[in-house]
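Notes follow the structure.
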Amino acid sequence: MRPALLTRRAFALGAPLLLGAGGAQAAAPRRAVVYDLGALDIFHALGLPVAGVPRAQLPAYLAGYAARAEPAGSLFEPDYDALSRLRPDLVIVGGRSAARRDTLAKIAPTLDMGVRPQHLVEDVSRNIDAIARLYGRQAQGRALVRRIEAEAAALRRQAARAAPGLLLLQINQTLVPQAPGGRFGFLFDVLGARSAIAAQDVPPRGTPYTFDDMARLDPAWIYVIDRNTATGQAAGGGAIVPAQQVFDHPQVKATRAGRKGQVVFLDPKGWYLMGSSGPTALLNNIAQLRQAYTAAGL
């Protein structure tokens, strides 16, 4: 009998295991296909094999999976012919691929390991525990969770001493401010940075945010996520304009952040592509912020 489908509700009820007949734990999956990059990061951290992965601009530390595993579609759309060849005994979705969960569940047991930005550390820890238990790596998983919790707590202590800052999603010349409660608001909600704007200060979708707006705000910190560099292609086509080039601007240099060297170009793949939803990405992103705060004497 195939293991039962594990839903997000099962996670919430504290049952993060695929179970066989009679409630016993099934054998560890041997042909996992992983569409969620945060989950793929967990497989990497625990040293686990993967049979299929999506085609994507993966971070360097995950490139080995692209070389060894079979392409099984995109981050959004599975390749059902590839799945037919792979005959997976586990499929993991989340975030971009979550909409395909019910269809994939007809092929193999399917887990949704998406995370909630405002509960990032909690949900990443939950996913680590689930995968570690499936593969008998509980001790390794617990150690990884403890490390994440300790590093996140240390960052929050530093971030609390930093002046408020402005988080911007940069898409070539387009700037999209991010506030607490938003898609990337976990910088504030979870990691402890203080925001120079609130949700009501974010302009309506489609309204440009300009360097004039930034100059009026005069933030002490500017955090930048370069979307196009993360994905390897410019939204709408054309050439990628790197964030460092866009922010080499007199109005940026005149802000408190510019004068103090406190414009932080966050790791594009770790923040935009991965969403900090895997342990390596999250720890790397925490380390970058801690380094920036330490350099500022915090």
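In the structure tokens, the first chain shown is A, the next is B, and so on; residue numbers restart at 1 for each chain, and ligands run from 1 in the order shown.
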
Spatial neighbours of region 251-262 of chain A, 12 Å, only C-alpha atoms, chain gap at least 3 places, as a PyMOL selection string: chain A and resi 162-167+196+210-224+244-248+265-266+289+291-297

6 Å contact set for Gly52 (chain A), only C-alpha atoms, chain neighbours under 2 positions out, as a PyMOL selection string: chain A and resi 33+50+69-72

Next, write the just-selected residues to a file, as a PDB file, in the first residue's frame, keeping C-alpha atoms as the atom set.
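Contents of out19.pdb, freshly written:
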ATOM      1  CA  VAL A  33      11.075  14.477  -6.868  1.00  0.00           C
ATOM      2  CA  VAL A  50      16.913  13.289  -5.117  1.00  0.00           C
ATOM      3  CA  ALA A  69      18.912  14.415 -10.978  1.00  0.00           C
ATOM      4  CA  GLU A  70      16.552  14.346 -13.931  1.00  0.00           C
ATOM      5  CA  PRO A  71      14.808  17.603 -14.918  1.00  0.00           C
ATOM      6  CA  ALA A  72      11.178  17.164 -13.919  1.00  0.00           C
TER       7      ALA A  72
END

Who sits within 12 Å of Ala143 (chain A), only C-alpha atoms, same chain under 4 positions skipped, as a count of residues only: 14

Coordinates-based distance that separates CA of Ala239 (chain A) from CA of Pro177 (chain A) (Å, one decimal): 22.3 Å

Selection: 9 Å around Ala281 (chain A), only C-alpha atoms, excl. self and same-chain fewer than 5 positions, as a ChimeraX atom specification: /A:38,41,59,269-271,274-276,286

Shell around region 229-238 of chain A at 9 Å using only C-alpha atoms, local window under 5 positions removed, as JSON, numbers by chain: {"A": [56, 57, 58, 59, 171, 172, 243, 267, 268, 269, 270, 271, 272, 273]}

Å distance separating CA of Phe76 (chain A) from CA of Leu48 (chain A), one decimal place: 23.1 Å

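Compared by their closest atoms to Ile240 (chain A), and using only C-alpha atoms, the residues A:Val124, A:Leu144, A:Arg30, A:Gln173 rank with A:Gln173 nearest.
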
Pro117 (chain A) environment, 9 Å, only C-alpha atoms, sequence neighbours closer than 5 positions dropped, as a ChimeraX atom specification: /A:123,181-186,189-190,275,277

In region 181-266 of chain A, DSSP helix (DSSP H, G or I) residues written as a PyMOL selection string: chain A and resi 186-189+199-201+211-217+227-231+243-246+250-254+256-260

The selected residues should be written to file as a CSV table (one decimal), in the first residue's frame (atoms: N, CA, C and O atoms).
chain,number,residue,atom,x,y,z
A,186,PHE,N,9.6,39.2,6.2
A,186,PHE,CA,10.2,38.4,7.2
A,186,PHE,C,11.6,39.0,7.7
A,186,PHE,O,12.0,38.7,8.8
A,187,LEU,N,12.1,39.9,6.9
A,187,LEU,CA,13.3,40.6,7.3
A,187,LEU,C,13.0,41.4,8.6
A,187,LEU,O,13.8,41.4,9.6
A,188,PHE,N,11.8,41.9,8.7
A,188,PHE,CA,11.3,42.6,9.9
A,188,PHE,C,10.6,41.7,10.9
A,188,PHE,O,10.8,41.7,12.1
A,189,ASP,N,9.7,40.9,10.3
A,189,ASP,CA,8.7,40.1,11.2
A,189,ASP,C,9.5,39.0,11.9
A,189,ASP,O,9.0,38.6,13.0
A,199,ALA,N,3.1,49.0,6.3
A,199,ALA,CA,2.4,48.5,5.2
A,199,ALA,C,1.5,49.6,4.5
A,199,ALA,O,1.5,49.6,3.2
A,200,GLN,N,1.0,50.5,5.2
A,200,GLN,CA,0.1,51.5,4.6
A,200,GLN,C,1.0,52.5,3.8
A,200,GLN,O,0.4,53.3,3.0
A,201,ASP,N,2.3,52.5,4.0
A,201,ASP,CA,3.2,53.5,3.3
A,201,ASP,C,3.6,52.9,1.9
A,201,ASP,O,4.2,53.6,1.1
A,211,PHE,N,13.7,57.3,-6.6
A,211,PHE,CA,14.8,57.8,-5.7
A,211,PHE,C,14.4,59.0,-5.0
A,211,PHE,O,15.0,59.3,-3.9
A,212,ASP,N,13.5,59.8,-5.5
A,212,ASP,CA,13.0,61.0,-4.8
A,212,ASP,C,12.3,60.5,-3.5
A,212,ASP,O,12.4,61.1,-2.4
A,213,ASP,N,11.5,59.4,-3.6
A,213,ASP,CA,10.8,58.9,-2.4
A,213,ASP,C,11.9,58.4,-1.4
A,213,ASP,O,11.7,58.7,-0.2
A,214,MET,N,12.9,57.8,-1.9
A,214,MET,CA,13.9,57.3,-1.0
A,214,MET,C,14.7,58.5,-0.3
A,214,MET,O,15.0,58.4,0.9
A,215,ALA,N,14.9,59.5,-1.1
A,215,ALA,CA,15.6,60.7,-0.5
A,215,ALA,C,14.8,61.3,0.6
A,215,ALA,O,15.3,61.8,1.6
A,216,ARG,N,13.5,61.4,0.4
A,216,ARG,CA,12.6,62.0,1.4
A,216,ARG,C,12.6,61.2,2.6
A,216,ARG,O,12.6,61.7,3.8
A,217,LEU,N,12.6,59.9,2.5
A,217,LEU,CA,12.6,59.0,3.6
A,217,LEU,C,13.9,59.0,4.4
A,217,LEU,O,14.0,58.9,5.6
A,227,ARG,N,15.9,41.0,-8.2
A,227,ARG,CA,15.0,40.0,-8.7
A,227,ARG,C,15.6,39.4,-10.0
A,227,ARG,O,15.6,38.1,-10.2
A,228,ASN,N,16.0,40.2,-10.9
A,228,ASN,CA,16.5,39.7,-12.2
A,228,ASN,C,17.8,38.9,-12.1
A,228,ASN,O,17.9,37.9,-12.8
A,229,THR,N,18.7,39.4,-11.3
A,229,THR,CA,19.9,38.6,-11.1
A,229,THR,C,19.6,37.2,-10.5
A,229,THR,O,20.2,36.2,-10.8
A,230,ALA,N,18.6,37.2,-9.6
A,230,ALA,CA,18.2,35.9,-9.0
A,230,ALA,C,17.7,34.9,-10.0
A,230,ALA,O,18.1,33.7,-9.9
A,231,THR,N,16.9,35.4,-10.9
A,231,THR,CA,16.3,34.4,-11.8
A,231,THR,C,17.1,34.2,-13.1
A,231,THR,O,16.8,33.3,-13.9
A,243,ALA,N,21.7,45.4,-9.5
A,243,ALA,CA,21.4,46.3,-8.5
A,243,ALA,C,22.5,47.3,-8.2
A,243,ALA,O,22.2,48.5,-7.9
A,244,GLN,N,23.7,46.9,-8.2
A,244,GLN,CA,24.8,47.8,-7.8
A,244,GLN,C,24.9,48.9,-8.8
A,244,GLN,O,25.3,50.0,-8.5
A,245,GLN,N,24.6,48.7,-10.1
A,245,GLN,CA,24.6,49.7,-11.1
A,245,GLN,C,23.4,50.7,-10.9
A,245,GLN,O,23.6,51.9,-10.9
A,246,VAL,N,22.2,50.1,-10.6
A,246,VAL,CA,21.0,51.0,-10.4
A,246,VAL,C,21.2,51.9,-9.1
A,246,VAL,O,20.9,53.1,-9.2
A,250,PRO,N,23.4,59.4,-7.2
A,250,PRO,CA,23.7,60.5,-6.2
A,250,PRO,C,22.7,60.5,-5.1
A,250,PRO,O,23.0,60.8,-3.9
A,251,GLN,N,21.4,60.3,-5.4
A,251,GLN,CA,20.4,60.4,-4.3
A,251,GLN,C,20.5,59.2,-3.3
A,251,GLN,O,20.2,59.4,-2.1
A,252,VAL,N,21.0,58.1,-3.7
A,252,VAL,CA,21.2,57.0,-2.8
A,252,VAL,C,22.4,57.3,-2.0
A,252,VAL,O,22.4,57.1,-0.7
A,253,LYS,N,23.5,57.8,-2.6
A,253,LYS,CA,24.7,58.1,-1.8
A,253,LYS,C,24.5,59.2,-0.8
A,253,LYS,O,25.2,59.3,0.2
A,254,ALA,N,23.5,60.1,-1.0
A,254,ALA,CA,23.2,61.2,-0.1
A,254,ALA,C,22.4,60.8,1.1
A,254,ALA,O,22.3,61.6,2.0
A,256,ARG,N,21.4,58.7,4.5
A,256,ARG,CA,22.2,58.2,5.7
A,256,ARG,C,22.8,56.9,5.4
A,256,ARG,O,23.9,56.6,5.7
A,257,ALA,N,22.0,56.0,4.8
A,257,ALA,CA,22.5,54.7,4.4
A,257,ALA,C,23.7,54.8,3.5
A,257,ALA,O,24.7,54.1,3.6
A,258,GLY,N,23.6,55.6,2.5
A,258,GLY,CA,24.7,55.8,1.5
A,258,GLY,C,25.9,56.4,2.1
A,258,GLY,O,27.0,55.9,1.8
A,259,ARG,N,25.7,57.4,3.0
A,259,ARG,CA,26.9,58.0,3.6
A,259,ARG,C,27.6,57.1,4.5
A,259,ARG,O,28.9,57.2,4.7
A,260,LYS,N,26.9,56.2,5.2
A,260,LYS,CA,27.5,55.3,6.1
A,260,LYS,C,27.9,53.9,5.5
A,260,LYS,O,28.4,53.1,6.3
